[in-house]
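File shown: data_14.pdb (PDB, C-alpha atoms).
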ATOM      1  CA  MET A   1    -102.477  86.111 -43.301
ATOM      2  CA  LYS A   2    -105.921  84.520 -43.575
ATOM      3  CA  VAL A   3    -107.787  84.643 -46.874
ATOM      4  CA  SER A   4    -110.659  86.451 -45.129
ATOM      5  CA  ASP A   5    -108.258  89.292 -44.243
ATOM      6  CA  MET A   6    -107.169  89.874 -47.855
ATOM      7  CA  ASN A   7    -108.755  91.472 -50.866
ATOM      8  CA  ASP A   8    -108.688  89.590 -54.167
ATOM      9  CA  ALA A   9    -105.456  91.168 -55.377
ATOM     10  CA  GLY A  10    -103.858  90.473 -52.009
ATOM     11  CA  PHE A  11    -104.857  86.827 -52.223
ATOM     12  CA  ALA A  12    -103.397  86.549 -55.728
ATOM     13  CA  ARG A  13    -100.181  88.288 -54.659
ATOM     14  CA  ASN A  14     -99.820  86.009 -51.621
ATOM     15  CA  TYR A  15    -100.461  82.830 -53.646
ATOM     16  CA  LEU A  16     -97.914  83.796 -56.294
ATOM     17  CA  THR A  17     -95.334  84.795 -53.691
ATOM     18  CA  GLU A  18     -95.690  81.469 -51.896
ATOM     19  CA  LEU A  19     -95.489  79.570 -55.200
ATOM     20  CA  ALA A  20     -92.395  81.503 -56.265
ATOM     21  CA  SER A  21     -90.714  80.669 -52.944
ATOM     22  CA  LEU A  22     -91.054  76.938 -53.700
ATOM     23  CA  LEU A  23     -89.291  76.950 -57.068
ATOM     24  CA  PRO A  24     -85.741  77.547 -55.753
ATOM     25  CA  GLN A  25     -86.281  74.650 -53.338
ATOM     26  CA  LEU A  26     -86.770  72.115 -56.140
ATOM     27  CA  ASP A  27     -83.643  69.948 -56.393
ATOM     28  CA  ALA A  28     -82.019  70.690 -59.771
ATOM     29  CA  ASP A  29     -79.509  67.858 -59.314
ATOM     30  CA  ARG A  30     -82.290  65.305 -58.857
ATOM     31  CA  ILE A  31     -84.180  66.787 -61.794
ATOM     32  CA  GLY A  32     -81.000  66.417 -63.868
ATOM     33  CA  LYS A  33     -80.790  62.751 -62.841
ATOM     34  CA  ALA A  34     -84.403  62.286 -63.953
ATOM     35  CA  ILE A  35     -83.576  63.810 -67.359
ATOM     36  CA  ALA A  36     -80.577  61.491 -67.705
ATOM     37  CA  LEU A  37     -82.695  58.485 -66.719
ATOM     38  CA  MET A  38     -85.369  59.391 -69.267
ATOM     39  CA  ARG A  39     -82.681  59.765 -71.945
ATOM     40  CA  ALA A  40     -81.234  56.333 -71.121
ATOM     41  CA  VAL A  41     -84.688  54.721 -71.237
ATOM     42  CA  ARG A  42     -85.384  56.363 -74.605
ATOM     43  CA  ASP A  43     -82.020  55.444 -76.073
ATOM     44  CA  ASN A  44     -82.380  51.820 -74.932
ATOM     45  CA  GLY A  45     -85.741  51.508 -76.702
ATOM     46  CA  LYS A  46     -87.620  51.073 -73.431
ATOM     47  CA  THR A  47     -90.996  52.514 -72.421
ATOM     48  CA  ILE A  48     -92.012  55.203 -69.939
ATOM     49  CA  TYR A  49     -95.312  54.788 -68.069
ATOM     50  CA  ILE A  50     -96.951  57.495 -65.980
ATOM     51  CA  CYS A  51     -99.839  57.612 -63.509
ATOM     52  CA  GLY A  52    -101.615  59.846 -61.007
ATOM     53  CA  ASN A  53    -105.098  60.671 -59.730
ATOM     54  CA  GLY A  54    -107.274  63.734 -60.288
ATOM     55  CA  GLY A  55    -105.194  66.775 -61.172
ATOM     56  CA  SER A  56    -102.105  64.553 -61.187
ATOM     57  CA  ALA A  57    -103.776  62.391 -63.852
ATOM     58  CA  SER A  58    -104.236  65.483 -66.002
ATOM     59  CA  ILE A  59    -100.598  66.439 -65.503
ATOM     60  CA  ALA A  60     -99.600  62.885 -66.470
ATOM     61  CA  SER A  61    -101.645  63.069 -69.672
ATOM     62  CA  GLN A  62    -100.151  66.440 -70.576
ATOM     63  CA  MET A  63     -96.629  65.122 -70.041
ATOM     64  CA  VAL A  64     -97.326  62.293 -72.489
ATOM     65  CA  VAL A  65     -98.417  64.838 -75.105
ATOM     66  CA  ASP A  66     -95.228  66.845 -74.595
ATOM     67  CA  ILE A  67     -93.014  63.747 -74.783
ATOM     68  CA  VAL A  68     -94.734  61.747 -77.546
ATOM     69  CA  LYS A  69     -95.240  64.789 -79.756
ATOM     70  CA  GLY A  70     -93.049  67.670 -78.616
ATOM     71  CA  ALA A  71     -89.947  65.697 -77.660
ATOM     72  CA  SER A  72     -90.279  63.112 -80.465
ATOM     73  CA  PHE A  73     -91.706  64.721 -83.604
ATOM     74  CA  ARG A  74     -89.004  65.157 -86.261
ATOM     75  CA  LYS A  75     -86.401  63.806 -83.822
ATOM     76  CA  ARG A  76     -84.075  60.950 -84.665
ATOM     77  CA  ALA A  77     -84.495  59.529 -81.151
ATOM     78  CA  ARG A  78     -88.155  59.095 -80.233
ATOM     79  CA  PHE A  79     -89.834  58.280 -76.936
ATOM     80  CA  ARG A  80     -92.234  55.461 -76.165
ATOM     81  CA  MET A  81     -94.533  56.745 -73.401
ATOM     82  CA  ILE A  82     -97.925  55.545 -72.182
ATOM     83  CA  SER A  83    -100.247  57.144 -69.641
ATOM     84  CA  LEU A  84    -101.962  54.633 -67.374
ATOM     85  CA  THR A  85    -104.562  57.331 -66.669
ATOM     86  CA  ASP A  86    -105.966  57.666 -70.176
ATOM     87  CA  SER A  87    -108.072  54.549 -70.763
ATOM     88  CA  LEU A  88    -111.258  55.355 -68.888
ATOM     89  CA  ALA A  89    -112.803  52.019 -69.848
ATOM     90  CA  THR A  90    -109.845  50.076 -68.439
ATOM     91  CA  ILE A  91    -109.744  52.172 -65.274
ATOM     92  CA  THR A  92    -113.457  51.753 -64.589
ATOM     93  CA  ALA A  93    -113.369  48.016 -65.385
ATOM     94  CA  TYR A  94    -110.606  47.385 -62.860
ATOM     95  CA  GLY A  95    -112.036  49.875 -60.375
ATOM     96  CA  ASN A  96    -115.494  48.334 -60.493
ATOM     97  CA  ASP A  97    -114.475  44.683 -60.574
ATOM     98  CA  GLU A  98    -111.212  44.554 -58.620
ATOM     99  CA  GLY A  99    -110.976  47.782 -56.623
ATOM    100  CA  TYR A 100    -109.609  51.227 -57.356
ATOM    101  CA  GLU A 101    -106.208  50.330 -55.916
ATOM    102  CA  THR A 102    -105.663  48.014 -58.940
ATOM    103  CA  VAL A 103    -106.307  50.504 -61.748
ATOM    104  CA  PHE A 104    -102.630  51.254 -62.476
ATOM    105  CA  VAL A 105    -100.802  48.127 -61.350
ATOM    106  CA  GLU A 106    -102.848  45.628 -63.353
ATOM    107  CA  PRO A 107    -102.397  47.313 -66.775
ATOM    108  CA  LEU A 108     -98.730  47.838 -65.878
ATOM    109  CA  LYS A 109     -98.404  44.057 -65.455
ATOM    110  CA  ASN A 110     -99.483  43.662 -69.101
ATOM    111  CA  PHE A 111     -96.727  45.867 -70.479
ATOM    112  CA  ALA A 112     -93.817  46.678 -68.158
ATOM    113  CA  THR A 113     -90.463  44.992 -68.622
ATOM    114  CA  ALA A 114     -87.125  45.409 -66.880
ATOM    115  CA  GLY A 115     -85.450  48.679 -67.811
ATOM    116  CA  ASP A 116     -88.709  50.545 -68.393
ATOM    117  CA  LEU A 117     -89.535  53.633 -66.316
ATOM    118  CA  LEU A 118     -92.611  54.447 -64.250
ATOM    119  CA  ILE A 119     -93.254  58.083 -63.320
ATOM    120  CA  CYS A 120     -95.769  58.472 -60.478
ATOM    121  CA  ILE A 121     -97.425  61.736 -59.433
ATOM    122  CA  SER A 122     -99.137  62.016 -56.032
ATOM    123  CA  GLY A 123     -99.760  65.101 -53.940
ATOM    124  CA  SER A 124    -100.368  63.091 -50.768
ATOM    125  CA  GLY A 125     -97.714  60.493 -51.468
ATOM    126  CA  ASN A 126    -100.131  57.902 -50.127
ATOM    127  CA  SER A 127    -102.476  57.049 -53.018
ATOM    128  CA  PRO A 128    -102.900  53.244 -52.772
ATOM    129  CA  ASN A 129    -103.177  52.746 -56.540
ATOM    130  CA  VAL A 130     -99.975  54.724 -57.145
ATOM    131  CA  LEU A 131     -98.114  52.938 -54.341
ATOM    132  CA  ARG A 132     -99.074  49.522 -55.718
ATOM    133  CA  ALA A 133     -97.879  50.539 -59.177
ATOM    134  CA  VAL A 134     -94.483  51.726 -57.950
ATOM    135  CA  GLU A 135     -94.038  48.622 -55.788
ATOM    136  CA  TYR A 136     -94.761  46.359 -58.762
ATOM    137  CA  ALA A 137     -92.561  48.372 -61.118
ATOM    138  CA  SER A 138     -89.621  48.110 -58.721
ATOM    139  CA  GLN A 139     -90.092  44.346 -58.383
ATOM    140  CA  ALA A 140     -90.258  44.023 -62.181
ATOM    141  CA  GLY A 141     -86.913  45.789 -62.626
ATOM    142  CA  CYS A 142     -88.308  49.109 -63.795
ATOM    143  CA  HIS A 143     -86.872  52.459 -62.785
ATOM    144  CA  THR A 144     -89.209  54.704 -60.794
ATOM    145  CA  ILE A 145     -89.489  58.480 -60.471
ATOM    146  CA  ALA A 146     -91.985  60.112 -58.088
ATOM    147  CA  LEU A 147     -93.270  63.678 -58.163
ATOM    148  CA  THR A 148     -94.660  64.128 -54.663
ATOM    149  CA  THR A 149     -94.727  66.162 -51.486
ATOM    150  CA  GLY A 150     -91.626  66.450 -49.356
ATOM    151  CA  GLN A 151     -93.793  66.592 -46.246
ATOM    152  CA  GLY A 152     -94.811  62.974 -45.856
ATOM    153  CA  GLY A 153     -96.260  60.026 -47.653
ATOM    154  CA  ARG A 154     -94.800  56.643 -48.527
ATOM    155  CA  LEU A 155     -94.159  57.357 -52.197
ATOM    156  CA  ARG A 156     -90.991  59.354 -51.625
ATOM    157  CA  ASP A 157     -89.423  56.354 -49.861
ATOM    158  CA  LEU A 158     -90.599  53.765 -52.399
ATOM    159  CA  ALA A 159     -89.412  55.529 -55.550
ATOM    160  CA  GLU A 160     -85.887  55.200 -56.860
ATOM    161  CA  LEU A 161     -85.743  58.933 -57.622
ATOM    162  CA  PRO A 162     -88.189  61.154 -55.720
ATOM    163  CA  LEU A 163     -88.623  64.739 -56.963
ATOM    164  CA  LEU A 164     -89.978  66.455 -53.874
ATOM    165  CA  VAL A 165     -91.992  69.646 -53.521
ATOM    166  CA  PRO A 166     -91.749  71.030 -49.966
ATOM    167  CA  SER A 167     -95.413  71.898 -49.584
ATOM    168  CA  GLY A 168     -98.664  70.389 -48.362
ATOM    169  CA  HIS A 169    -100.859  72.809 -50.339
ATOM    170  CA  MET A 170    -102.430  70.822 -53.175
ATOM    171  CA  GLY A 171    -102.689  73.768 -55.565
ATOM    172  CA  ARG A 172     -99.037  74.706 -55.217
ATOM    173  CA  LEU A 173     -97.992  71.049 -55.330
ATOM    174  CA  GLU A 174     -99.775  70.626 -58.663
ATOM    175  CA  ASP A 175     -98.336  73.919 -59.932
ATOM    176  CA  CYS A 176     -94.846  72.616 -59.176
ATOM    177  CA  PHE A 177     -95.568  69.142 -60.588
ATOM    178  CA  PHE A 178     -96.593  70.772 -63.852
ATOM    179  CA  ILE A 179     -93.420  72.866 -63.881
ATOM    180  CA  LEU A 180     -91.322  69.775 -63.145
ATOM    181  CA  THR A 181     -92.878  67.902 -66.070
ATOM    182  CA  HIS A 182     -92.158  70.852 -68.337
ATOM    183  CA  VAL A 183     -88.507  70.889 -67.266
ATOM    184  CA  LEU A 184     -88.291  67.148 -67.958
ATOM    185  CA  CYS A 185     -89.981  67.535 -71.348
ATOM    186  CA  TYR A 186     -88.242  70.669 -72.567
ATOM    187  CA  ALA A 187     -84.848  69.126 -71.859
ATOM    188  CA  PHE A 188     -85.681  66.973 -74.900
ATOM    189  CA  ILE A 189     -87.825  69.380 -76.899
ATOM    190  CA  GLU A 190     -84.892  71.820 -76.925
ATOM    191  CA  GLU A 191     -82.234  69.096 -77.264
ATOM    192  CA  PRO A 192     -80.258  69.311 -80.531
ATOM    193  CA  ASN A 193     -81.485  66.709 -83.022
ATOM    194  CA  VAL A 194     -78.187  64.820 -83.221
ATOM    195  CA  CYS A 195     -79.112  61.414 -81.790
TER     196      CYS A 195
END
Re-express the file's structure as structure tokens.
Amino acid sequence: MKVSDMNDAGFARNYLTELASLLPQLDADRIGKAIALMRAVRDNGKTIYICGNGGSASIASQMVVDIVKGASFRKRARFRMISLTDSLATITAYGNDEGYETVFVEPLKNFATAGDLLICISGSGNSPNVLRAVEYASQAGCHTIALTTGQGGRLRDLAELPLLVPSGHMGRLEDCFFILTHVLCYAFIEEPNVC
């Protein structure tokens, strides 16, 4: 049904119905592997990095808040997590001087070591700056998780553990990315404090 054929309530109902139909298609086994990987990185004293563009950058920043505060505060085991999206000065310096495709990979080269984890978020799966970051991370011996579309893009094939959303609709992709990050975070927020 076209948007022009619906009233406002009909549009809202249709959007929510289509979003709800995506949630059962998210791969709980892969999500469980991502939780286990994050736990291993935390317990080995390694660092998690995260990146994305636009709305995905905002989701990345929010995940860092949930992990660094929510999943770490008053916990015996604490996470080390850094968002590559949060230093506007660094991003604009690299973007202006070296090209936007360098804004994540170059800072990652300063910090990443083998055994760290890079989480990449890309609705298209083809963002050059995200692809360069995941390529470098893999070469450096880091683990990689991608939140991306299941309908194309190179990111799903480059990442060690792709968490795929079977949609090409950017709004519903970002809705699901946000839900995925909450599942990943709340696995630790609600984890018993026994570590």
At most 10 Å is the cut-off: for each residue in segment 19-114 of chain A with any atom that close to an atom of segment 125-143 of chain A, write down the nearest atom pair and the distance in Å rounded to one decimal, counting all atoms listed in the file, chain first then increasing number, as JSON lines.
{"residue": "A:Leu37", "atom": "CA", "partner": "A:His143", "partner_atom": "CA", "distance": 8.3}
{"residue": "A:Met38", "atom": "CA", "partner": "A:His143", "partner_atom": "CA", "distance": 9.6}
{"residue": "A:Val41", "atom": "CA", "partner": "A:His143", "partner_atom": "CA", "distance": 9.0}
{"residue": "A:Lys46", "atom": "CA", "partner": "A:Cys142", "partner_atom": "CA", "distance": 9.9}
{"residue": "A:Thr47", "atom": "CA", "partner": "A:Cys142", "partner_atom": "CA", "distance": 9.7}
{"residue": "A:Ile48", "atom": "CA", "partner": "A:His143", "partner_atom": "CA", "distance": 9.2}
{"residue": "A:Tyr49", "atom": "CA", "partner": "A:Ala137", "partner_atom": "CA", "distance": 9.9}
{"residue": "A:Ile50", "atom": "CA", "partner": "A:Val130", "partner_atom": "CA", "distance": 9.7}
{"residue": "A:Cys51", "atom": "CA", "partner": "A:Val130", "partner_atom": "CA", "distance": 7.0}
{"residue": "A:Gly52", "atom": "CA", "partner": "A:Val130", "partner_atom": "CA", "distance": 6.6}
{"residue": "A:Asn53", "atom": "CA", "partner": "A:Ser127", "partner_atom": "CA", "distance": 8.1}
{"residue": "A:Gly99", "atom": "CA", "partner": "A:Asn129", "partner_atom": "CA", "distance": 9.2}
{"residue": "A:Tyr100", "atom": "CA", "partner": "A:Asn129", "partner_atom": "CA", "distance": 6.7}
{"residue": "A:Glu101", "atom": "CA", "partner": "A:Asn129", "partner_atom": "CA", "distance": 3.9}
{"residue": "A:Thr102", "atom": "CA", "partner": "A:Asn129", "partner_atom": "CA", "distance": 5.9}
{"residue": "A:Val103", "atom": "CA", "partner": "A:Asn129", "partner_atom": "CA", "distance": 6.5}
{"residue": "A:Phe104", "atom": "CA", "partner": "A:Ala133", "partner_atom": "CA", "distance": 5.8}
{"residue": "A:Val105", "atom": "CA", "partner": "A:Ala133", "partner_atom": "CA", "distance": 4.4}
{"residue": "A:Glu106", "atom": "CA", "partner": "A:Ala133", "partner_atom": "CA", "distance": 8.1}
{"residue": "A:Pro107", "atom": "CA", "partner": "A:Ala133", "partner_atom": "CA", "distance": 9.4}
{"residue": "A:Leu108", "atom": "CA", "partner": "A:Ala133", "partner_atom": "CA", "distance": 7.3}
{"residue": "A:Lys109", "atom": "CA", "partner": "A:Tyr136", "partner_atom": "CA", "distance": 8.0}
{"residue": "A:Ala112", "atom": "CA", "partner": "A:Ala137", "partner_atom": "CA", "distance": 7.3}
{"residue": "A:Thr113", "atom": "CA", "partner": "A:Ala140", "partner_atom": "CA", "distance": 6.5}
{"residue": "A:Ala114", "atom": "CA", "partner": "A:Gly141", "partner_atom": "CA", "distance": 4.3}
- [ ] To one decimal in Å, tell me the separation between atom CA of Cys120 of chain A and atom CA of Met81 of chain A.
- [x]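 Atom CA of Cys120 of chain A sits 13.1 Å away from atom CA of Met81 of chain A.
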- [ ] Identify which of the residues A:Ala57, A:Ala146, A:Ile67, A:Ile31 lies closest to Leu84 of chain A, counting all atoms listed in the file when measuring atom-to-atom distances.
- [x]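 The closest residue to Leu84 of chain A is A:Ala57.
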Please list as a PDB file with C-alpha atoms, in the frame of the given file every residue within 9 Å of Arg172 of chain A, counting only C-alpha atoms and excluding residues in the same chain fewer than 5 positions away.
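That gives us out.pdb:
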ATOM      1  CA  TYR A  15    -100.461  82.830 -53.646  1.00  0.00           C
ATOM      2  CA  GLU A  18     -95.690  81.469 -51.896  1.00  0.00           C
ATOM      3  CA  LEU A  19     -95.489  79.570 -55.200  1.00  0.00           C
ATOM      4  CA  LEU A  22     -91.054  76.938 -53.700  1.00  0.00           C
ATOM      5  CA  VAL A 165     -91.992  69.646 -53.521  1.00  0.00           C
ATOM      6  CA  SER A 167     -95.413  71.898 -49.584  1.00  0.00           C
ATOM      7  CA  PHE A 177     -95.568  69.142 -60.588  1.00  0.00           C
TER       8      PHE A 177
END
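Note that atom CA of Ser122 of chain A and atom CA of Arg156 of chain A are 9.6 Å apart.
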Open item on the list: Just to confirm, what's the straight-line distance from atom CA of Gly55 of chain A to atom CA of Gly115 of chain A in Å (one decimal)?
Closed with: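 Atom-to-atom, atom CA of Gly55 of chain A and atom CA of Gly115 of chain A are spaced 27.6 Å apart.
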Open item on the list: Let me make sure I understand: among A:Gly70, A:Gly95, A:Pro166, A:Pro24, which one has the smallest atom-to-atom distance to Ser124 of chain A if we use all atoms listed in the file?
Closed with: A:Pro166
Task: Among the residues A:Leu118, A:His169, A:Asn193, A:Asp97, the one that comes closest to Ile82 of chain A [using all atoms listed in the file] - done: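 Using all atoms listed in the file, Ile82 of chain A sits closest to A:Leu118.
Counting only C-alpha atoms, Thr144 of chain A has the following residues at most 6 Å away, ignoring those fewer than 3 positions along the same chain: Leu117, Leu118, Ile119, Ala159 and Glu160 of chain A.
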TODO: Any chance you could resolve the PyMOL selection byres ((chain A and resi 74) around 12) against this file and give the residues as a PyMOL selection string?
DONE: chain A and resi 68-73+75-79+188-189+191-195
Task: Selected residue, from A:Asp175, A:Leu161, A:Gly54, A:Asp116, that lies nearest to Asp29 of chain A when counting only C-alpha atoms - done: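 Ranking A:Asp175, A:Leu161, A:Gly54, A:Asp116 by distance to Asp29 of chain A, first place goes to A:Leu161.
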